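Asks: I am sharing work.cif, which consists of mmCIF, C-alpha atoms:
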```cif
data_coords
loop_
_atom_site.label_atom_id
_atom_site.label_comp_id
_atom_site.auth_asym_id
_atom_site.auth_seq_id
_atom_site.Cartn_x
_atom_site.Cartn_y
_atom_site.Cartn_z
CA MET C 1 21.99 -12.10 -14.69
CA ASN C 2 22.15 -8.95 -16.83
CA VAL C 3 19.43 -6.40 -16.26
CA ALA C 4 18.82 -3.38 -18.50
CA ILE C 5 16.98 -0.58 -16.69
CA LEU C 6 15.43 2.01 -19.01
CA ARG C 7 15.53 5.73 -18.35
CA PHE C 8 13.20 8.26 -19.98
CA PRO C 9 13.09 12.00 -19.30
CA GLY C 10 11.17 12.04 -16.00
CA THR C 11 12.08 8.53 -14.83
CA ASN C 12 13.02 8.65 -11.14
CA CYS C 13 13.18 5.08 -9.85
CA GLU C 14 16.09 3.82 -11.96
CA PHE C 15 18.68 3.99 -9.15
CA ASP C 16 16.44 2.35 -6.53
CA THR C 17 15.70 -0.37 -9.07
CA GLU C 18 19.40 -0.79 -9.81
CA TYR C 19 20.17 -1.00 -6.08
CA ALA C 20 17.55 -3.70 -5.55
CA PHE C 21 18.71 -5.81 -8.50
CA LYS C 22 22.36 -5.49 -7.43
CA LYS C 23 21.30 -6.89 -4.07
CA ILE C 24 20.23 -10.11 -5.75
CA GLY C 25 23.53 -10.33 -7.64
CA ALA C 26 22.48 -8.91 -10.99
CA LYS C 27 24.72 -6.92 -13.30
CA THR C 28 22.80 -3.78 -14.21
CA SER C 29 23.01 -1.06 -16.81
CA ILE C 30 20.87 2.04 -17.18
CA ILE C 31 19.79 2.58 -20.78
CA TRP C 32 18.82 6.03 -22.10
CA HIS C 33 15.54 6.01 -24.01
CA LYS C 34 17.19 7.20 -27.24
CA SER C 35 19.24 4.03 -27.48
CA GLU C 36 18.03 1.95 -30.42
CA GLU C 37 19.22 -1.31 -28.98
CA LEU C 38 19.47 -3.18 -25.72
CA PRO C 39 22.80 -4.45 -24.36
CA LYS C 40 23.80 -7.83 -25.82
CA ASN C 41 23.16 -10.78 -23.46
CA CYS C 42 20.47 -8.83 -21.64
CA ASP C 43 18.29 -11.23 -19.62
CA LEU C 44 15.70 -8.83 -18.27
CA VAL C 45 14.49 -5.35 -19.20
CA VAL C 46 13.03 -3.29 -16.36
CA VAL C 47 10.92 -0.23 -17.14
CA PRO C 48 11.12 1.61 -13.81
CA GLY C 49 8.78 4.07 -12.15
CA GLY C 50 8.65 7.83 -12.43
CA PHE C 51 6.86 10.39 -14.53
CA SER C 52 8.12 9.84 -18.06
CA TYR C 53 7.46 12.94 -20.17
CA GLY C 54 5.72 14.53 -17.20
CA ASP C 55 2.77 12.13 -17.62
CA TYR C 56 1.57 14.50 -20.37
CA LEU C 57 -1.46 13.37 -22.39
CA ARG C 58 -1.69 10.03 -20.52
CA SER C 59 0.87 8.28 -18.32
CA GLY C 60 3.25 6.36 -20.59
CA ALA C 61 1.64 7.56 -23.82
CA ILE C 62 4.65 9.47 -25.13
CA ALA C 63 7.38 7.19 -23.74
CA ARG C 64 5.88 4.43 -25.82
CA PHE C 65 7.33 6.06 -28.95
CA SER C 66 10.91 6.36 -27.66
CA PRO C 67 13.46 4.53 -29.85
CA VAL C 68 14.37 2.08 -27.09
CA MET C 69 10.78 0.80 -26.95
CA ARG C 70 11.09 -0.64 -30.45
CA ALA C 71 14.03 -2.72 -29.19
CA VAL C 72 12.01 -3.73 -26.13
CA ARG C 73 9.12 -4.86 -28.35
CA ASP C 74 11.47 -7.01 -30.45
CA PHE C 75 13.07 -8.40 -27.29
CA ALA C 76 9.67 -9.29 -25.81
CA LYS C 77 8.50 -10.84 -29.08
CA LYS C 78 11.47 -13.22 -28.95
CA GLY C 79 10.49 -14.26 -25.43
CA GLY C 80 12.76 -11.87 -23.50
CA MET C 81 11.67 -11.04 -19.93
CA VAL C 82 10.28 -7.52 -19.39
CA LEU C 83 9.13 -6.04 -16.08
CA GLY C 84 7.29 -2.72 -15.79
CA ILE C 85 6.94 -1.11 -12.38
CA CYS C 86 4.37 1.66 -11.81
CA ASN C 87 5.00 4.17 -14.65
CA GLY C 88 6.82 1.28 -16.36
CA PHE C 89 3.59 -0.74 -16.17
CA GLN C 90 1.71 2.21 -17.69
CA ILE C 91 4.27 2.41 -20.53
CA LEU C 92 3.90 -1.33 -21.26
CA LEU C 93 0.10 -0.92 -21.39
CA GLU C 94 0.36 2.04 -23.77
CA SER C 95 2.83 0.01 -25.87
CA HIS C 96 0.27 -2.84 -26.09
CA LEU C 97 2.82 -5.22 -24.63
CA LEU C 98 0.25 -5.80 -21.89
CA PRO C 99 -3.56 -5.75 -22.23
CA GLY C 100 -5.84 -3.10 -20.69
CA ALA C 101 -5.40 0.54 -19.71
CA MET C 102 -4.97 2.79 -16.67
CA LYS C 103 -7.44 5.43 -15.51
CA ARG C 104 -7.18 8.07 -12.80
CA ASN C 105 -7.52 6.59 -9.31
CA GLU C 106 -11.18 6.35 -8.35
CA ASN C 107 -10.77 8.83 -5.47
CA LEU C 108 -8.67 11.14 -7.73
CA HIS C 109 -5.89 11.22 -5.12
CA PHE C 110 -2.23 10.43 -5.56
CA VAL C 111 -2.02 7.38 -3.30
CA SER C 112 1.36 6.87 -1.61
CA LYS C 113 1.56 4.25 1.18
CA PHE C 114 2.47 0.71 2.08
CA GLN C 115 -0.11 -1.67 0.64
CA TYR C 116 -0.68 -5.40 1.09
CA ILE C 117 -0.89 -7.42 -2.10
CA LYS C 118 -1.73 -11.07 -2.65
CA VAL C 119 -0.20 -13.53 -5.09
CA ILE C 120 -3.04 -14.75 -7.32
CA SER C 121 -0.97 -16.81 -9.73
CA SER C 122 2.65 -17.91 -9.39
CA ASN C 123 2.47 -19.85 -12.64
CA ASN C 124 5.08 -17.55 -14.23
CA PRO C 125 8.85 -16.93 -14.09
CA PHE C 126 8.50 -13.72 -12.03
CA LEU C 127 6.57 -15.07 -9.02
CA LYS C 128 7.61 -18.71 -9.28
CA ASN C 129 9.31 -18.66 -5.85
CA LEU C 130 6.12 -17.48 -4.16
CA ASN C 131 2.91 -19.38 -3.46
CA GLU C 132 -0.60 -18.46 -4.43
CA GLY C 133 -2.20 -16.68 -1.49
CA ASP C 134 1.10 -15.27 -0.18
CA ILE C 135 0.64 -11.75 1.19
CA LEU C 136 3.34 -9.13 0.61
CA ASN C 137 3.71 -5.61 1.96
CA ILE C 138 4.94 -3.29 -0.80
CA PRO C 139 4.67 0.50 -1.25
CA ILE C 140 2.42 1.99 -3.92
CA ALA C 141 2.71 5.58 -5.20
CA HIS C 142 0.53 6.58 -8.14
CA ALA C 143 -2.33 8.74 -9.39
CA GLU C 144 -3.23 6.58 -12.41
CA GLY C 145 -3.35 3.01 -11.19
CA ASN C 146 -7.02 2.29 -11.77
CA TYR C 147 -6.62 -0.73 -14.03
CA TYR C 148 -9.36 -1.27 -16.60
CA ILE C 149 -10.09 -4.11 -18.99
CA ASP C 150 -13.44 -5.21 -20.42
CA SER C 151 -15.09 -8.23 -18.80
CA GLU C 152 -14.68 -10.55 -21.76
CA ARG C 153 -10.91 -10.07 -21.92
CA LEU C 154 -10.67 -10.17 -18.14
CA GLU C 155 -12.22 -13.63 -18.21
CA ARG C 156 -9.60 -14.78 -20.73
CA MET C 157 -6.81 -13.38 -18.54
CA TYR C 158 -8.07 -15.36 -15.54
CA ASP C 159 -8.27 -18.52 -17.65
CA ASN C 160 -4.67 -18.02 -18.74
CA ASP C 161 -3.26 -17.17 -15.25
CA GLN C 162 -2.46 -13.61 -16.35
CA ILE C 163 -3.90 -11.96 -13.22
CA ILE C 164 -0.91 -12.37 -10.92
CA LEU C 165 -1.34 -9.85 -8.06
CA LYS C 166 -4.28 -8.18 -6.30
CA TYR C 167 -4.51 -5.55 -3.59
CA CYS C 168 -5.74 -6.84 -0.24
CA ASN C 169 -5.70 -6.02 3.47
CA LYS C 170 -3.39 -7.53 6.08
CA ASP C 171 -5.54 -10.64 6.33
CA GLY C 172 -5.73 -11.13 2.59
CA ASN C 173 -9.28 -9.84 2.26
CA TYR C 174 -10.56 -7.36 -0.30
CA ASP C 175 -9.01 -3.91 -0.34
CA ASN C 176 -8.83 -1.59 -3.31
CA PRO C 177 -6.75 1.60 -3.05
CA ASN C 178 -7.45 2.91 -6.57
CA GLY C 179 -10.61 1.37 -8.03
CA SER C 180 -8.91 -1.21 -10.27
CA VAL C 181 -11.13 -3.88 -11.82
CA ASP C 182 -11.18 -6.79 -9.32
CA ALA C 183 -8.52 -4.91 -7.26
CA ILE C 184 -5.86 -6.00 -9.76
CA ALA C 185 -2.31 -4.86 -8.89
CA GLY C 186 -0.25 -6.84 -11.39
CA ILE C 187 -0.66 -8.80 -14.62
CA CYS C 188 1.37 -10.57 -17.29
CA ASN C 189 0.96 -11.16 -21.02
CA GLU C 190 -0.29 -14.35 -22.62
CA ASN C 191 3.22 -15.75 -23.07
CA ARG C 192 4.11 -14.91 -19.44
CA ASN C 193 7.31 -13.06 -20.28
CA VAL C 194 6.04 -9.46 -19.89
CA PHE C 195 4.97 -8.33 -16.41
CA GLY C 196 3.48 -5.14 -15.01
CA LEU C 197 2.66 -4.12 -11.47
CA MET C 198 1.80 -0.83 -9.76
CA PRO C 199 3.51 -1.59 -6.40
CA HIS C 200 7.24 -0.81 -6.10
CA PRO C 201 9.19 -3.96 -5.06
CA GLU C 202 12.46 -1.98 -5.21
CA ARG C 203 11.20 0.20 -2.35
CA ALA C 204 10.81 -2.86 -0.13
CA CYS C 205 14.25 -4.43 -0.32
CA GLU C 206 15.64 -3.89 3.20
CA LYS C 207 14.29 -4.15 6.72
CA ILE C 208 15.16 -0.52 7.36
CA LEU C 209 12.81 0.46 4.52
CA GLY C 210 9.92 -1.25 6.31
CA SER C 211 9.75 -4.45 4.30
CA GLU C 212 11.93 -6.95 2.46
CA ASP C 213 9.06 -8.46 0.52
CA GLY C 214 10.17 -6.76 -2.71
CA ILE C 215 13.35 -8.84 -2.74
CA LYS C 216 11.24 -12.01 -2.50
CA MET C 217 9.49 -10.89 -5.66
CA ILE C 218 12.40 -9.83 -7.86
CA LYS C 219 14.41 -12.91 -6.82
CA GLY C 220 12.17 -14.80 -9.20
CA PHE C 221 14.22 -13.39 -12.06
CA ALA C 222 17.59 -14.30 -10.50
CA TYR C 223 19.58 -17.32 -11.54
CA MET A 1 -7.01 24.78 -41.08
CA ARG A 2 -7.76 23.76 -37.54
CA ALA A 3 -8.90 20.48 -36.06
CA ILE A 4 -10.63 20.14 -32.73
CA VAL A 5 -10.40 16.72 -31.13
CA ASP A 6 -12.66 15.81 -28.20
CA ILE A 7 -11.63 12.79 -26.18
CA TYR A 8 -13.87 11.09 -23.62
CA LEU A 9 -13.87 7.80 -21.77
CA LYS A 10 -16.06 5.29 -23.59
CA PRO A 11 -19.66 4.94 -22.41
CA GLY A 12 -19.70 2.26 -19.73
CA VAL A 13 -16.16 3.03 -18.54
CA LEU A 14 -16.52 4.65 -15.13
CA ASP A 15 -15.23 8.24 -15.19
CA PRO A 16 -13.80 9.10 -11.73
CA GLN A 17 -13.42 12.81 -12.54
CA GLY A 18 -16.94 13.06 -13.91
CA LYS A 19 -18.27 11.37 -10.80
CA ALA A 20 -16.43 13.78 -8.49
CA VAL A 21 -17.68 16.82 -10.43
CA HIS A 22 -21.21 15.40 -10.36
CA HIS A 23 -21.07 15.05 -6.56
CA ALA A 24 -19.79 18.61 -6.25
CA LEU A 25 -22.62 19.95 -8.44
CA GLU A 26 -25.17 18.00 -6.41
CA SER A 27 -23.88 19.41 -3.16
CA LEU A 28 -24.18 22.91 -4.67
CA GLY A 29 -27.88 22.27 -5.31
CA PHE A 30 -27.77 21.47 -9.03
CA ASP A 31 -30.03 18.47 -8.54
CA GLU A 32 -31.13 18.29 -12.17
CA VAL A 33 -27.72 16.95 -13.30
CA LYS A 34 -28.04 13.28 -14.25
CA GLU A 35 -24.49 12.50 -15.33
CA VAL A 36 -21.16 14.28 -15.81
CA ARG A 37 -18.40 13.10 -18.13
CA VAL A 38 -15.07 14.93 -18.07
CA GLY A 39 -12.91 14.72 -21.19
CA LYS A 40 -10.20 16.70 -22.87
CA GLN A 41 -10.01 18.81 -25.98
CA ILE A 42 -6.94 19.01 -28.22
CA GLN A 43 -6.77 21.81 -30.79
CA LEU A 44 -4.47 21.34 -33.78
CA THR A 45 -3.42 23.88 -36.39
CA ILE A 46 -2.65 21.99 -39.57
CA ASP A 47 -0.83 22.92 -42.76
CA GLU A 48 -3.37 21.29 -45.12
CA ASN A 49 -6.16 22.74 -47.26
CA ASP A 50 -8.05 19.58 -48.10
CA GLU A 51 -10.59 18.92 -45.35
CA ALA A 52 -10.96 15.19 -46.04
CA LYS A 53 -7.18 14.71 -46.05
CA ALA A 54 -6.80 16.69 -42.83
CA LYS A 55 -9.50 14.63 -41.15
CA GLU A 56 -7.87 11.38 -42.22
CA ARG A 57 -4.50 12.50 -40.84
CA VAL A 58 -6.01 13.61 -37.53
CA LYS A 59 -7.75 10.23 -37.32
CA GLN A 60 -4.34 8.57 -37.61
CA MET A 61 -3.01 10.87 -34.89
CA CYS A 62 -5.89 9.86 -32.61
CA GLU A 63 -5.39 6.16 -33.24
CA THR A 64 -1.62 6.25 -32.67
CA LEU A 65 -1.19 8.81 -29.89
CA LEU A 66 -3.94 11.24 -28.93
CA ALA A 67 -6.50 8.72 -27.67
CA ASN A 68 -6.12 5.38 -25.94
CA THR A 69 -8.81 3.50 -27.81
CA VAL A 70 -8.92 0.78 -25.15
CA ILE A 71 -10.82 3.19 -22.91
CA GLU A 72 -11.39 6.39 -24.90
CA ASP A 73 -13.55 7.56 -27.81
CA TYR A 74 -12.65 10.59 -29.90
CA LYS A 75 -14.52 13.00 -32.14
CA ILE A 76 -12.83 15.15 -34.79
CA GLU A 77 -14.15 18.47 -35.99
CA ILE A 78 -12.41 20.37 -38.78
CA VAL A 79 -12.80 24.17 -38.73
CA GLN A 80 -11.48 26.61 -41.33
#
```
Can you turn what I pasted into structure tokens?
Replies:
Amino acid sequence: MNVAILRFPGTNCEFDTEYAFKKIGAKTSIIWHKSEELPKNCDLVVVPGGFSYGDYLRSGAIARFSPVMRAVRDFAKKGGMVLGICNGFQILLESHLLPGAMKRNENLHFVSKFQYIKVISSNNPFLKNLNEGDILNIPIAHAEGNYYIDSERLERMYDNDQIILKYCNKDGNYDNPNGSVDAIAGICNENRNVFGLMPHPERACEKILGSEDGIKMIKGFAY
Amino acid sequence: MRAIVDIYLKPGVLDPQGKAVHHALESLGFDEVKEVRVGKQIQLTIDENDEAKAKERVKQMCETLLANTVIEDYKIEIVQ
């Protein structure tokens, strides 16, 4: 599997992401945002976490206009797999590759901690190895993770299995670290080839890091 | 000429910053405050003399970059 990991000015999770994907046997390359194309035979594009363009204006708002994002849009349109983690998720929202928007966390704090999340739908290539109701322990670290979408479109997303992950407590019950609508932690697009989540699976890829649950997630992309 | 763009979260979209400021005002005894909305203002200096043209261009700027119209409304004011 060939994975292209994007890097914008201010990205800081590209090496952790590369490390995690190498663990599952992927060949990785880090792509500078000024590149106008993606590597040939790329199977997955990962937009990693960080603070692209210093989060100026809105998180992800400026990165959206980087040359590489045009290539990512074309790639996604043709059915290519795209995964956005944290700031990567915000960039995909700003790029309209995913529906909705991010607001400041409800408590206005930068929240950085391990957080339980629950698989809501595994009817997609990313989470296909997991079961609905599975609980994972994955770090979150963000100030703008308060996911918003209007109720009409939210309904449509549920109907189409686009709500894939929610925050929860250890027992799988309601917990909401940032105020997101319905405690949503991760979503996908209508065609189920573009994914975004606030938690960082790459930070949970070894026992010594406190959890290996992130590997269980990203393995979905491996073949 | 100059353009002043005000950007606020749409009515009905909960504004966490506004809520926090409201609580702070309440605890300072400003009980008459009913609601607080926090937004941002962007000031642009533009090389254009036609007001209508300038406004149209700033509108395009808002739609493409300055505002996220999924959650935000914007208001443009042109000043000489």
Asks: Might you spell out which residues the PyMOL selection byres ((chain C and resi 58-63) around 10) would select in the displayed file, as a PyMOL selection string?
Replies: (chain C and resi 7-10+33+50-57+64-69+86-95+102-104+143-145) or (chain A and resi 64-68)
Asks: Quick check on the file I pasted: which residues fall under the PyMOL selection byres ((chain A) within 12 of (chain C))? Write them as an mmCIF file with C-alpha atoms, in the coordinates of the input.
Replies:
```cif
data_model
loop_
_atom_site.group_PDB
_atom_site.id
_atom_site.type_symbol
_atom_site.label_atom_id
_atom_site.label_comp_id
_atom_site.auth_asym_id
_atom_site.auth_seq_id
_atom_site.Cartn_x
_atom_site.Cartn_y
_atom_site.Cartn_z
ATOM 1 C CA ILE A 7 -11.630 12.790 -26.180
ATOM 2 C CA TYR A 8 -13.870 11.090 -23.620
ATOM 3 C CA LEU A 9 -13.870 7.800 -21.770
ATOM 4 C CA LYS A 10 -16.060 5.290 -23.590
ATOM 5 C CA GLY A 12 -19.700 2.260 -19.730
ATOM 6 C CA VAL A 13 -16.160 3.030 -18.540
ATOM 7 C CA LEU A 14 -16.520 4.650 -15.130
ATOM 8 C CA ASP A 15 -15.230 8.240 -15.190
ATOM 9 C CA PRO A 16 -13.800 9.100 -11.730
ATOM 10 C CA GLN A 17 -13.420 12.810 -12.540
ATOM 11 C CA GLY A 18 -16.940 13.060 -13.910
ATOM 12 C CA LYS A 19 -18.270 11.370 -10.800
ATOM 13 C CA ALA A 20 -16.430 13.780 -8.490
ATOM 14 C CA VAL A 21 -17.680 16.820 -10.430
ATOM 15 C CA VAL A 38 -15.070 14.930 -18.070
ATOM 16 C CA GLY A 39 -12.910 14.720 -21.190
ATOM 17 C CA LYS A 40 -10.200 16.700 -22.870
ATOM 18 C CA GLN A 41 -10.010 18.810 -25.980
ATOM 19 C CA ILE A 42 -6.940 19.010 -28.220
ATOM 20 C CA CYS A 62 -5.890 9.860 -32.610
ATOM 21 C CA GLU A 63 -5.390 6.160 -33.240
ATOM 22 C CA THR A 64 -1.620 6.250 -32.670
ATOM 23 C CA LEU A 65 -1.190 8.810 -29.890
ATOM 24 C CA LEU A 66 -3.940 11.240 -28.930
ATOM 25 C CA ALA A 67 -6.500 8.720 -27.670
ATOM 26 C CA ASN A 68 -6.120 5.380 -25.940
ATOM 27 C CA THR A 69 -8.810 3.500 -27.810
ATOM 28 C CA VAL A 70 -8.920 0.780 -25.150
ATOM 29 C CA ILE A 71 -10.820 3.190 -22.910
ATOM 30 C CA GLU A 72 -11.390 6.390 -24.900
#
```
Asks: Could you state the separation of atom CA of C:Leu6 and atom CA of C:Leu209 in Å, given to one decimal place?
Replies: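 Pair atom CA of C:Leu6 / atom CA of C:Leu209 returns 23.7 Å.
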Asks: Name the closest residue to A:Ala52 among the candidates A:Ile76, A:Asp6, A:Glu26, A:Pro11; distances are taken between atoms, counting all atoms listed in the file.
Replies: A:Ile76
Asks: Evaluated on this file, the PyMOL selection byres ((chain C and resi 215) around 9) picks out some residues - which ones are they, written as number ranges by chain?
Replies: C: 20-21, 23-24, 201-202, 204-206, 212-214, 216-220
Asks: Between atom CA of C:Leu136 and atom CA of C:Cys42, what is the distance in Å, rounded to a tenth?
Replies: 28.1 Å
Asks: What's the separation between atom CA of C:Pro39 and atom CA of C:Val3, in Å to one decimal place?
Replies: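 Answer for the atom CA of C:Pro39 to atom CA of C:Val3 separation: 9.0 Å.
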Asks: Need the shell around A:Glu77: protein/DNA/RNA residues with any atom at most 10 Å away, counting only C-alpha atoms. Skip same-chain ones fewer than 6 positions apart. Format as a list in words?
Replies: Arg2, Ala3, Ile4, Val5, Asp6, Gln43, Lys55 and Val58 of chain A
Asks: Neighbouring residues of A:His22 were defined as those with any atom within 8 Å, considering all atoms listed in the file; residues of the same chain fewer than 5 positions away were excluded. Please report them as a list in words.
Replies: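 Everything that qualifies: Val33, Glu35 and Val36 of chain A.
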Asks: If you count only C-alpha atoms, which residues fall within 7 Å of C:Lys118, apart from same-chain ones fewer than 2 positions away, as a PyMOL selection string?
Replies: chain C and resi 116+120+133-136+165-168+172
Asks: Find the spatial neighbours of A:Gln80, counting all atoms listed in the file, within a cut-off of 12 Å - ignore same-chain residues fewer than 5 positions away - and output them as JSON, numbers by chain.
Replies: {"A": [1, 2, 3, 4, 44, 45, 46, 47, 48, 49, 50, 51, 54]}
Asks: When distances are computed from all atoms listed in the file, which of C:Gln162, C:Asn131, C:Asn124, C:Asn178 shows the smallest separation from C:Tyr147?
Replies: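 Of the candidates, the smallest distance to C:Tyr147 is held by C:Asn178.
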